[in-house]
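Chemist: File follows, entry-v1.cif with mmCIF, C-alpha atoms:
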data_query
loop_
_atom_site.group_PDB
_atom_site.id
_atom_site.type_symbol
_atom_site.label_atom_id
_atom_site.label_comp_id
_atom_site.auth_asym_id
_atom_site.auth_seq_id
_atom_site.Cartn_x
_atom_site.Cartn_y
_atom_site.Cartn_z
ATOM 1 C CA MET M 7 -108.783 -184.747 193.785
ATOM 2 C CA SER M 8 -110.853 -181.959 195.352
ATOM 3 C CA ALA M 9 -113.351 -182.756 198.077
ATOM 4 C CA THR M 10 -117.072 -182.572 197.318
ATOM 5 C CA PRO M 11 -118.585 -179.408 198.859
ATOM 6 C CA SER M 12 -120.882 -180.003 201.802
ATOM 7 C CA PRO M 13 -124.554 -178.911 201.676
ATOM 8 C CA LEU M 14 -123.681 -176.063 204.049
ATOM 9 C CA GLN M 15 -120.869 -174.846 201.780
ATOM 10 C CA CYS M 16 -123.213 -174.973 198.793
ATOM 11 C CA ALA M 17 -125.882 -173.017 200.653
ATOM 12 C CA VAL M 18 -123.406 -170.352 201.771
ATOM 13 C CA ALA M 19 -122.101 -170.082 198.222
ATOM 14 C CA LEU M 20 -125.620 -169.584 196.857
ATOM 15 C CA VAL M 21 -126.441 -166.826 199.314
ATOM 16 C CA VAL M 22 -123.137 -165.026 198.763
ATOM 17 C CA ALA M 23 -123.370 -165.417 194.982
ATOM 18 C CA ALA M 24 -126.888 -163.990 194.997
ATOM 19 C CA ALA M 25 -125.759 -161.013 197.073
ATOM 20 C CA LEU M 26 -122.779 -160.339 194.816
ATOM 21 C CA ALA M 27 -124.822 -160.673 191.647
ATOM 22 C CA LEU M 28 -127.515 -158.341 192.928
ATOM 23 C CA SER M 29 -124.986 -155.674 193.848
ATOM 24 C CA ALA M 30 -123.062 -155.724 190.566
ATOM 25 C CA ALA M 31 -124.878 -152.798 188.968
ATOM 26 C CA PRO M 32 -123.384 -149.993 186.855
ATOM 27 C CA ARG M 33 -123.781 -146.465 188.171
ATOM 28 C CA ALA M 34 -125.391 -145.327 184.914
ATOM 29 C CA ALA M 35 -128.384 -147.588 185.524
ATOM 30 C CA PHE M 36 -129.528 -145.786 188.675
ATOM 31 C CA GLY M 37 -132.689 -143.777 188.124
ATOM 32 C CA GLN M 38 -133.375 -145.144 184.624
ATOM 33 C CA GLU M 39 -136.371 -147.154 185.794
ATOM 34 C CA PRO M 40 -139.097 -146.234 188.282
ATOM 35 C CA ALA M 41 -139.025 -147.613 191.803
ATOM 36 C CA CYS M 42 -140.995 -150.787 192.435
ATOM 37 C CA ALA M 43 -144.360 -150.317 194.098
ATOM 38 C CA THR M 44 -144.829 -151.951 197.493
ATOM 39 C CA PRO M 45 -147.971 -154.040 198.068
ATOM 40 C CA GLU M 46 -150.919 -152.213 199.585
ATOM 41 C CA GLY M 47 -150.683 -152.301 203.365
ATOM 42 C CA PHE M 48 -146.997 -153.320 203.356
ATOM 43 C CA ALA M 49 -146.297 -151.282 206.515
ATOM 44 C CA ALA M 50 -149.852 -150.814 207.758
ATOM 45 C CA PHE M 51 -149.525 -152.945 210.884
ATOM 46 C CA GLU M 52 -145.864 -152.267 211.693
ATOM 47 C CA ALA M 53 -144.826 -150.297 214.768
ATOM 48 C CA ALA M 54 -144.120 -146.627 214.152
ATOM 49 C CA LEU M 55 -140.771 -144.840 214.425
ATOM 50 C CA PRO M 56 -141.909 -141.520 215.914
ATOM 51 C CA LYS M 57 -138.465 -140.269 216.938
ATOM 52 C CA THR M 58 -136.972 -140.845 213.486
ATOM 53 C CA ALA M 59 -139.974 -139.514 211.562
ATOM 54 C CA LYS M 60 -140.169 -136.408 213.752
ATOM 55 C CA ALA M 61 -136.447 -135.672 213.404
ATOM 56 C CA LEU M 62 -136.610 -136.002 209.623
ATOM 57 C CA ALA M 63 -139.653 -133.745 209.338
ATOM 58 C CA ALA M 64 -138.108 -131.152 211.683
ATOM 59 C CA GLY M 65 -134.875 -130.940 209.689
ATOM 60 C CA SER M 66 -132.809 -132.250 212.596
ATOM 61 C CA GLU M 67 -129.686 -134.386 212.618
ATOM 62 C CA VAL M 68 -130.527 -138.029 211.899
ATOM 63 C CA VAL M 69 -127.921 -140.778 212.124
ATOM 64 C CA ILE M 70 -128.981 -144.178 210.771
ATOM 65 C CA VAL M 71 -126.770 -147.239 211.245
ATOM 66 C CA THR M 72 -127.310 -150.349 209.137
ATOM 67 C CA LEU M 73 -126.156 -153.794 210.254
ATOM 68 C CA GLY M 74 -126.219 -156.757 207.905
ATOM 69 C CA GLY M 75 -124.327 -159.035 205.573
ATOM 70 C CA ALA M 76 -123.090 -159.127 201.994
ATOM 71 C CA SER M 77 -126.466 -158.182 200.521
ATOM 72 C CA SER M 78 -126.178 -154.767 202.204
ATOM 73 C CA LEU M 79 -122.630 -153.986 200.998
ATOM 74 C CA GLY M 80 -122.705 -153.492 197.237
ATOM 75 C CA SER M 81 -118.953 -154.178 197.186
ATOM 76 C CA ALA M 82 -118.983 -156.247 193.985
ATOM 77 C CA ALA M 83 -120.376 -153.212 192.154
ATOM 78 C CA GLY M 84 -117.435 -151.065 193.157
ATOM 79 C CA GLY M 85 -118.173 -149.835 196.667
ATOM 80 C CA PRO M 86 -120.781 -148.909 199.264
ATOM 81 C CA SER M 87 -122.354 -146.195 197.083
ATOM 82 C CA PHE M 88 -124.138 -148.991 195.208
ATOM 83 C CA SER M 89 -125.751 -150.555 198.285
ATOM 84 C CA TRP M 90 -129.355 -150.137 199.410
ATOM 85 C CA PRO M 91 -128.229 -148.127 202.496
ATOM 86 C CA SER M 92 -126.629 -145.627 200.115
ATOM 87 C CA ARG M 93 -129.821 -145.469 198.046
ATOM 88 C CA LEU M 94 -131.766 -144.976 201.292
ATOM 89 C CA ALA M 95 -129.551 -141.997 202.162
ATOM 90 C CA THR M 96 -130.110 -140.479 198.724
ATOM 91 C CA ALA M 97 -133.875 -140.958 198.903
ATOM 92 C CA LEU M 98 -134.143 -139.430 202.384
ATOM 93 C CA ALA M 99 -131.925 -136.478 201.477
ATOM 94 C CA GLY M 100 -134.171 -135.738 198.515
ATOM 95 C CA ARG M 101 -137.342 -135.867 200.594
ATOM 96 C CA PHE M 102 -135.995 -134.039 203.645
ATOM 97 C CA PRO M 103 -133.403 -131.564 202.306
ATOM 98 C CA ALA M 104 -133.328 -129.587 205.560
ATOM 99 C CA ALA M 105 -132.422 -132.623 207.657
ATOM 100 C CA ARG M 106 -128.793 -133.525 208.336
ATOM 101 C CA ILE M 107 -128.922 -137.211 207.433
ATOM 102 C CA LYS M 108 -126.030 -139.626 207.817
ATOM 103 C CA VAL M 109 -126.364 -143.323 206.980
ATOM 104 C CA VAL M 110 -123.485 -145.436 208.314
ATOM 105 C CA ASN M 111 -123.295 -148.869 206.690
ATOM 106 C CA LEU M 112 -121.672 -151.377 209.077
ATOM 107 C CA ALA M 113 -122.579 -154.464 207.056
ATOM 108 C CA MET M 114 -120.045 -157.298 206.875
ATOM 109 C CA PRO M 115 -120.039 -160.415 204.662
ATOM 110 C CA ARG M 116 -121.592 -163.480 206.333
ATOM 111 C CA GLN M 117 -122.247 -161.578 209.554
ATOM 112 C CA THR M 118 -124.291 -163.492 212.117
ATOM 113 C CA ALA M 119 -126.651 -161.981 214.667
ATOM 114 C CA ARG M 120 -124.104 -162.788 217.393
ATOM 115 C CA GLU M 121 -121.322 -160.964 215.528
ATOM 116 C CA ALA M 122 -123.572 -157.964 214.943
ATOM 117 C CA ALA M 123 -124.678 -157.888 218.597
ATOM 118 C CA ASP M 124 -121.057 -158.013 219.746
ATOM 119 C CA ARG M 125 -120.359 -154.823 217.762
ATOM 120 C CA LEU M 126 -123.139 -152.751 219.306
ATOM 121 C CA ALA M 127 -121.300 -151.331 222.315
ATOM 122 C CA ARG M 128 -118.027 -150.906 220.458
ATOM 123 C CA GLU M 129 -119.132 -149.556 217.065
ATOM 124 C CA VAL M 130 -122.813 -148.612 217.065
ATOM 125 C CA LEU M 131 -123.564 -146.853 220.360
ATOM 126 C CA PRO M 132 -120.665 -144.357 220.017
ATOM 127 C CA LEU M 133 -122.288 -143.059 216.817
ATOM 128 C CA LYS M 134 -125.387 -142.040 218.835
ATOM 129 C CA PRO M 135 -127.792 -143.134 216.088
ATOM 130 C CA THR M 136 -131.415 -142.149 215.943
ATOM 131 C CA LEU M 137 -132.195 -145.442 214.203
ATOM 132 C CA VAL M 138 -130.552 -148.831 213.683
ATOM 133 C CA ILE M 139 -131.696 -151.020 210.779
ATOM 134 C CA TRP M 140 -130.678 -154.566 211.624
ATOM 135 C CA GLU M 141 -130.756 -157.078 208.778
ATOM 136 C CA THR M 142 -130.584 -160.485 210.439
ATOM 137 C CA GLY M 143 -131.424 -164.177 210.225
ATOM 138 C CA THR M 144 -129.836 -165.049 206.888
ATOM 139 C CA MET M 145 -126.635 -166.686 208.112
ATOM 140 C CA GLU M 146 -128.507 -168.434 210.909
ATOM 141 C CA ALA M 147 -130.819 -170.003 208.327
ATOM 142 C CA VAL M 148 -127.864 -170.984 206.155
ATOM 143 C CA ARG M 149 -125.993 -172.572 209.059
ATOM 144 C CA GLY M 150 -129.011 -174.014 210.816
ATOM 145 C CA THR M 151 -128.275 -172.143 214.030
ATOM 146 C CA GLY M 152 -130.705 -172.926 216.837
ATOM 147 C CA VAL M 153 -133.712 -170.620 216.552
ATOM 148 C CA ASP M 154 -133.845 -170.139 220.335
ATOM 149 C CA ASP M 155 -130.197 -169.043 220.374
ATOM 150 C CA PHE M 156 -130.891 -166.654 217.498
ATOM 151 C CA ARG M 157 -133.919 -165.226 219.276
ATOM 152 C CA ASP M 158 -132.008 -164.738 222.544
ATOM 153 C CA THR M 159 -129.145 -162.996 220.742
ATOM 154 C CA VAL M 160 -131.375 -160.548 218.904
ATOM 155 C CA GLN M 161 -133.428 -159.894 222.042
ATOM 156 C CA ALA M 162 -130.275 -158.975 223.972
ATOM 157 C CA GLY M 163 -129.279 -156.628 221.146
ATOM 158 C CA LEU M 164 -132.693 -154.979 221.095
ATOM 159 C CA ASP M 165 -132.527 -154.478 224.864
ATOM 160 C CA GLU M 166 -129.130 -152.798 224.511
ATOM 161 C CA LEU M 167 -130.278 -150.480 221.736
ATOM 162 C CA HIS M 168 -133.521 -149.540 223.455
ATOM 163 C CA ALA M 169 -131.688 -148.826 226.711
ATOM 164 C CA ALA M 170 -129.693 -146.241 224.751
ATOM 165 C CA GLY M 171 -132.901 -144.645 223.404
ATOM 166 C CA ILE M 172 -132.340 -145.884 219.833
ATOM 167 C CA GLU M 173 -135.199 -146.877 217.533
ATOM 168 C CA VAL M 174 -134.810 -150.139 215.615
ATOM 169 C CA VAL M 175 -136.064 -151.679 212.388
ATOM 170 C CA LEU M 176 -135.548 -155.415 211.912
ATOM 171 C CA MET M 177 -135.010 -156.462 208.290
ATOM 172 C CA ASN M 178 -135.360 -160.131 207.417
ATOM 173 C CA ALA M 179 -133.572 -162.208 204.758
ATOM 174 C CA GLN M 180 -133.627 -161.474 201.064
ATOM 175 C CA PHE M 181 -135.591 -163.793 198.781
ATOM 176 C CA SER M 182 -133.622 -165.889 196.280
ATOM 177 C CA ARG M 183 -135.197 -168.416 193.928
ATOM 178 C CA ASP M 184 -131.925 -170.374 193.923
ATOM 179 C CA ALA M 185 -131.326 -170.464 197.680
ATOM 180 C CA ASP M 186 -134.929 -170.782 198.842
ATOM 181 C CA PRO M 187 -135.407 -174.506 198.064
ATOM 182 C CA MET M 188 -132.172 -175.376 199.904
ATOM 183 C CA ILE M 189 -132.410 -173.200 203.018
ATOM 184 C CA HIS M 190 -135.135 -173.391 205.659
ATOM 185 C CA PHE M 191 -135.816 -169.672 206.159
ATOM 186 C CA ALA M 192 -139.294 -169.995 207.702
ATOM 187 C CA PRO M 193 -138.310 -170.460 211.396
ATOM 188 C CA TYR M 194 -136.019 -167.423 211.276
ATOM 189 C CA LEU M 195 -138.546 -165.261 209.460
ATOM 190 C CA ALA M 196 -141.052 -166.230 212.171
ATOM 191 C CA ALA M 197 -138.535 -165.481 214.942
ATOM 192 C CA VAL M 198 -137.891 -161.995 213.555
ATOM 193 C CA ARG M 199 -141.654 -161.380 213.455
ATOM 194 C CA GLU M 200 -142.082 -162.604 217.031
ATOM 195 C CA LEU M 201 -139.207 -160.455 218.303
ATOM 196 C CA ALA M 202 -140.638 -157.408 216.590
ATOM 197 C CA ASP M 203 -144.087 -157.934 218.049
ATOM 198 C CA ALA M 204 -142.727 -158.566 221.547
ATOM 199 C CA ASN M 205 -140.568 -155.427 221.462
ATOM 200 C CA ASP M 206 -142.881 -153.085 219.534
ATOM 201 C CA VAL M 207 -140.414 -152.620 216.679
ATOM 202 C CA PRO M 208 -141.256 -152.801 212.979
ATOM 203 C CA VAL M 209 -140.120 -155.443 210.500
ATOM 204 C CA PHE M 210 -139.108 -154.439 206.996
ATOM 205 C CA HIS M 211 -140.258 -157.675 205.366
ATOM 206 C CA ARG M 212 -137.634 -157.778 202.612
ATOM 207 C CA TYR M 213 -138.171 -161.482 201.956
ATOM 208 C CA GLY M 214 -141.865 -161.024 201.260
ATOM 209 C CA LEU M 215 -141.320 -157.809 199.311
ATOM 210 C CA MET M 216 -138.744 -159.377 196.974
ATOM 211 C CA ARG M 217 -140.913 -162.448 196.550
ATOM 212 C CA HIS M 218 -143.859 -160.213 195.653
ATOM 213 C CA TRP M 219 -141.776 -158.362 193.066
ATOM 214 C CA ALA M 220 -140.553 -161.670 191.620
ATOM 215 C CA GLU M 221 -143.948 -163.374 191.483
ATOM 216 C CA SER M 222 -145.750 -160.308 190.099
ATOM 217 C CA GLY M 223 -143.174 -159.951 187.322
ATOM 218 C CA VAL M 224 -141.855 -156.590 188.519
ATOM 219 C CA LEU M 225 -138.342 -158.034 188.857
ATOM 220 C CA ASP M 226 -137.023 -161.068 187.008
ATOM 221 C CA LEU M 227 -134.948 -162.737 189.720
ATOM 222 C CA ARG M 228 -134.375 -165.759 187.476
ATOM 223 C CA THR M 229 -132.294 -163.889 184.920
ATOM 224 C CA ARG M 230 -128.818 -165.315 184.251
ATOM 225 C CA GLU M 231 -127.480 -162.993 181.529
ATOM 226 C CA SER M 232 -124.825 -160.775 183.136
ATOM 227 C CA GLU M 233 -125.891 -157.419 181.687
ATOM 228 C CA LYS M 234 -129.556 -158.020 182.587
ATOM 229 C CA ARG M 235 -128.438 -159.037 186.079
ATOM 230 C CA ARG M 236 -126.563 -155.758 186.461
ATOM 231 C CA ARG M 237 -129.647 -153.797 185.440
ATOM 232 C CA LEU M 238 -131.730 -155.901 187.812
ATOM 233 C CA ALA M 239 -129.318 -155.146 190.645
ATOM 234 C CA ALA M 240 -129.511 -151.409 190.047
ATOM 235 C CA ARG M 241 -133.286 -151.444 190.147
ATOM 236 C CA LEU M 242 -133.526 -153.815 193.111
ATOM 237 C CA TYR M 243 -131.262 -151.754 195.366
ATOM 238 C CA GLU M 244 -132.909 -148.518 194.305
ATOM 239 C CA CYS M 245 -136.311 -150.038 195.046
ATOM 240 C CA ILE M 246 -135.288 -151.334 198.476
ATOM 241 C CA GLY M 247 -133.681 -148.000 199.356
ATOM 242 C CA ARG M 248 -136.796 -146.042 198.405
ATOM 243 C CA ALA M 249 -139.133 -148.498 200.101
ATOM 244 C CA MET M 250 -137.053 -148.230 203.257
ATOM 245 C CA ALA M 251 -137.162 -144.429 203.023
ATOM 246 C CA ASP M 252 -140.972 -144.649 202.951
ATOM 247 C CA PHE M 253 -140.880 -147.109 205.833
ATOM 248 C CA VAL M 254 -138.692 -145.135 208.250
ATOM 249 C CA SER M 255 -140.294 -141.750 207.561
ATOM 250 C CA ARG M 256 -143.909 -142.810 208.145
ATOM 251 C CA GLY M 257 -145.618 -140.109 210.151
ATOM 252 C CA GLY M 258 -143.261 -137.372 209.018
ATOM 253 C CA ALA M 259 -144.112 -134.828 206.343
ATOM 254 C CA ALA M 260 -141.648 -134.715 203.449
ATOM 255 C CA ALA M 261 -140.619 -131.310 202.130
ATOM 256 C CA GLU M 262 -142.990 -129.947 199.510
ATOM 257 C CA SER M 263 -140.545 -129.994 196.620
ATOM 258 C CA PRO M 264 -141.806 -131.861 193.523
ATOM 259 C CA ALA M 265 -138.380 -131.702 191.898
ATOM 260 C CA ALA M 266 -136.558 -133.131 194.894
ATOM 261 C CA PRO M 267 -134.608 -136.253 193.869
ATOM 262 C CA GLY M 268 -135.858 -139.521 195.240
ATOM 263 C CA ARG M 269 -139.472 -138.398 195.631
ATOM 264 C CA ARG M 270 -142.119 -140.699 194.266
ATOM 265 C CA PRO M 271 -145.106 -139.355 192.344
#
Let me see the file written as structure tokens.
Modeler:
Amino acid sequence: MSATPSPLQCAVALVVAAALALSAAPRAAFGQEPACATPEGFAAFEAALPKTAKALAAGSEVVIVTLGGASSLGSAAGGPSFSWPSRLATALAGRFPAARIKVVNLAMPRQTAREAADRLAREVLPLKPTLVIWETGTMEAVRGTGVDDFRDTVQAGLDELHAAGIEVVLMNAQFSRDADPMIHFAPYLAAVRELADANDVPVFHRYGLMRHWAESGVLDLRTRESEKRRRLAARLYECIGRAMADFVSRGGAAAESPAAPGRRP
């Protein structure tokens, strides 16, 4: 007789299942629907990224490294080209065709903040990135890791990145109607906000953005039918990629090319 799964195992399974479902999108679906609008003022009070925005606008080399978990991989859809970091790269290339943009996706399934921080010196700094987008807090919420330990870990990572002259965006957890009632995300969302404010770095509030899209009816995150879920995944990752492109390029002037792919009207 098999053992009954623990609450932690159930919570992990929900988060991983949500990430896999939302990345299982067919390539043909990309671009068939318009990007989702972000709420007014979504980035109005977030710290700027002057180095990144200036490099994009000047047509310089821009290396962006993304750190995160399964929701940033897109592996269930057939590979990293389906992930939001890949859609970010496509959107930025369309808006800044003169820039030499490289997005390196270092996401790993179930990666904790500690595991991500331990990779900085070995895998991130040698790439000499202009920007690191660090998706964090999900696994800590799932496992109930001490919030103080989480905060100390991320702070040490921010110190290491800033010492190397690298700009940082913190991205918080994704919103899931299934996982949300079971997992206490609030303390970790608050910790990410506090770390950002203390270090003058912006937060890409993915949790709030996805919740807004769900509650406003833009995206039906309750859908269970597999084909609809694949279409949802395609749109969701395209929307996050484009919203992130807006977010990281604030203050830079995109190339004046109406036909450029990825540009929003």
Chemist: Spell out the residues picked by the PyMOL selection byres ((chain M and resi 243) around 8) here, as a PyMOL selection string.
Modeler: chain M and resi 28-29+88-90+93+239-242+244-247
Chemist: Let me know the residues the PyMOL selection byres ((chain M and resi 76) around 7) catches in the file above, as a ChimeraX atom specification.
Modeler: /M:22,25,75,77-79,113-116
Chemist: Next, dump the selected residues to file, keeping only C-alpha atoms, as an mmCIF file, in the coordinates of the input.
Modeler:
data_model
loop_
_atom_site.group_PDB
_atom_site.id
_atom_site.type_symbol
_atom_site.label_atom_id
_atom_site.label_comp_id
_atom_site.auth_asym_id
_atom_site.auth_seq_id
_atom_site.Cartn_x
_atom_site.Cartn_y
_atom_site.Cartn_z
ATOM 1 C CA VAL M 22 -123.137 -165.026 198.763
ATOM 2 C CA ALA M 25 -125.759 -161.013 197.073
ATOM 3 C CA GLY M 75 -124.327 -159.035 205.573
ATOM 4 C CA SER M 77 -126.466 -158.182 200.521
ATOM 5 C CA SER M 78 -126.178 -154.767 202.204
ATOM 6 C CA LEU M 79 -122.630 -153.986 200.998
ATOM 7 C CA ALA M 113 -122.579 -154.464 207.056
ATOM 8 C CA MET M 114 -120.045 -157.298 206.875
ATOM 9 C CA PRO M 115 -120.039 -160.415 204.662
ATOM 10 C CA ARG M 116 -121.592 -163.480 206.333
#
Chemist: Counting only C-alpha atoms, select every polymer residue within 7 Å of (-137.9, -155.1, 207.2) as defined in the file's coordinates, and provide the selection as a tab-separated table (two decimals) with C-alpha atoms, in the coordinates of the input.
Modeler:
chain	number	residue	atom	x	y	z
M	175	VAL	CA	-136.06	-151.68	212.39
M	176	LEU	CA	-135.55	-155.42	211.91
M	177	MET	CA	-135.01	-156.46	208.29
M	178	ASN	CA	-135.36	-160.13	207.42
M	209	VAL	CA	-140.12	-155.44	210.50
M	210	PHE	CA	-139.11	-154.44	207.00
M	211	HIS	CA	-140.26	-157.68	205.37
M	212	ARG	CA	-137.63	-157.78	202.61
Chemist: Given the file above and the PyMOL selection byres ((chain M and resi 139) around 7), which residues are selected, and can you give them as an MDAnalysis selection string?
Modeler: chainID M and resid 71:73 137:138 140:141 174:177
Chemist: Of the residues M:Leu112, M:Val153, M:Ala123, M:Leu133, which is the one nearest to M:Ala192, using only C-alpha atoms?
Modeler: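 Looking at the shortest contact to M:Ala192, the residue is M:Val153.
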Chemist: Kindly provide, as JSON, the centre and edge lengths (Å, one decimal) of an axis-aligned box around all atoms of stretch 240-257 of chain M given in the file, with 6 Å on each side.
Modeler:
{"center_x": -137.6, "center_y": -147.0, "center_z": 200.1, "size_x": 28.1, "size_y": 25.7, "size_z": 32.1}
Chemist: What does the distance from atom CA of M:Glu146 to atom CA of M:Met216 come to in Å, to one decimal?
Modeler: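 According to the coordinates, atom CA of M:Glu146 and atom CA of M:Met216 are separated by 19.5 Å.
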Chemist: With distances taken over all atoms listed in the file, which of M:Ser255, M:Thr118, M:Ser87, M:Asn205 is nearest to M:Asp165?
Modeler: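 Going through M:Ser255, M:Thr118, M:Ser87, M:Asn205 one by one, the smallest distance to M:Asp165 is for M:Asn205.
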Chemist: Between atom CA of M:Val110 and atom CA of M:Ala202, what distance in Å does the model show, to one decimal?
Modeler: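 Separation between atom CA of M:Val110 and atom CA of M:Ala202: 22.5 Å.
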Chemist: Within 6 Å of stretch 41-54 of chain M, counting all atoms listed in the file, which residues qualify if same-chain residues fewer than 5 places away don't, as a short mmCIF file (atom, residue, chain, number, x, y, z; two decimals) with C-alpha atoms, keeping the file's coordinate frame?
Modeler:
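Dumped to selection_21.cif:
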data_model
loop_
_atom_site.label_atom_id
_atom_site.label_comp_id
_atom_site.auth_asym_id
_atom_site.auth_seq_id
_atom_site.Cartn_x
_atom_site.Cartn_y
_atom_site.Cartn_z
CA ASP M 206 -142.88 -153.08 219.53
CA VAL M 207 -140.41 -152.62 216.68
CA PRO M 208 -141.26 -152.80 212.98
CA CYS M 245 -136.31 -150.04 195.05
#
Chemist: Counting only C-alpha atoms, which of M:Ile189, M:Val254, M:Ala147, M:Leu131 gets nearest to M:Ala63?
Modeler: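 Closest candidate: M:Val254.
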Chemist: M:Lys134, M:Met145, M:Ala97, M:Gly74: which is nearest M:Asn111, counting all atoms listed in the file?
Modeler: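 Closest to M:Asn111, using all atoms listed in the file: M:Gly74.
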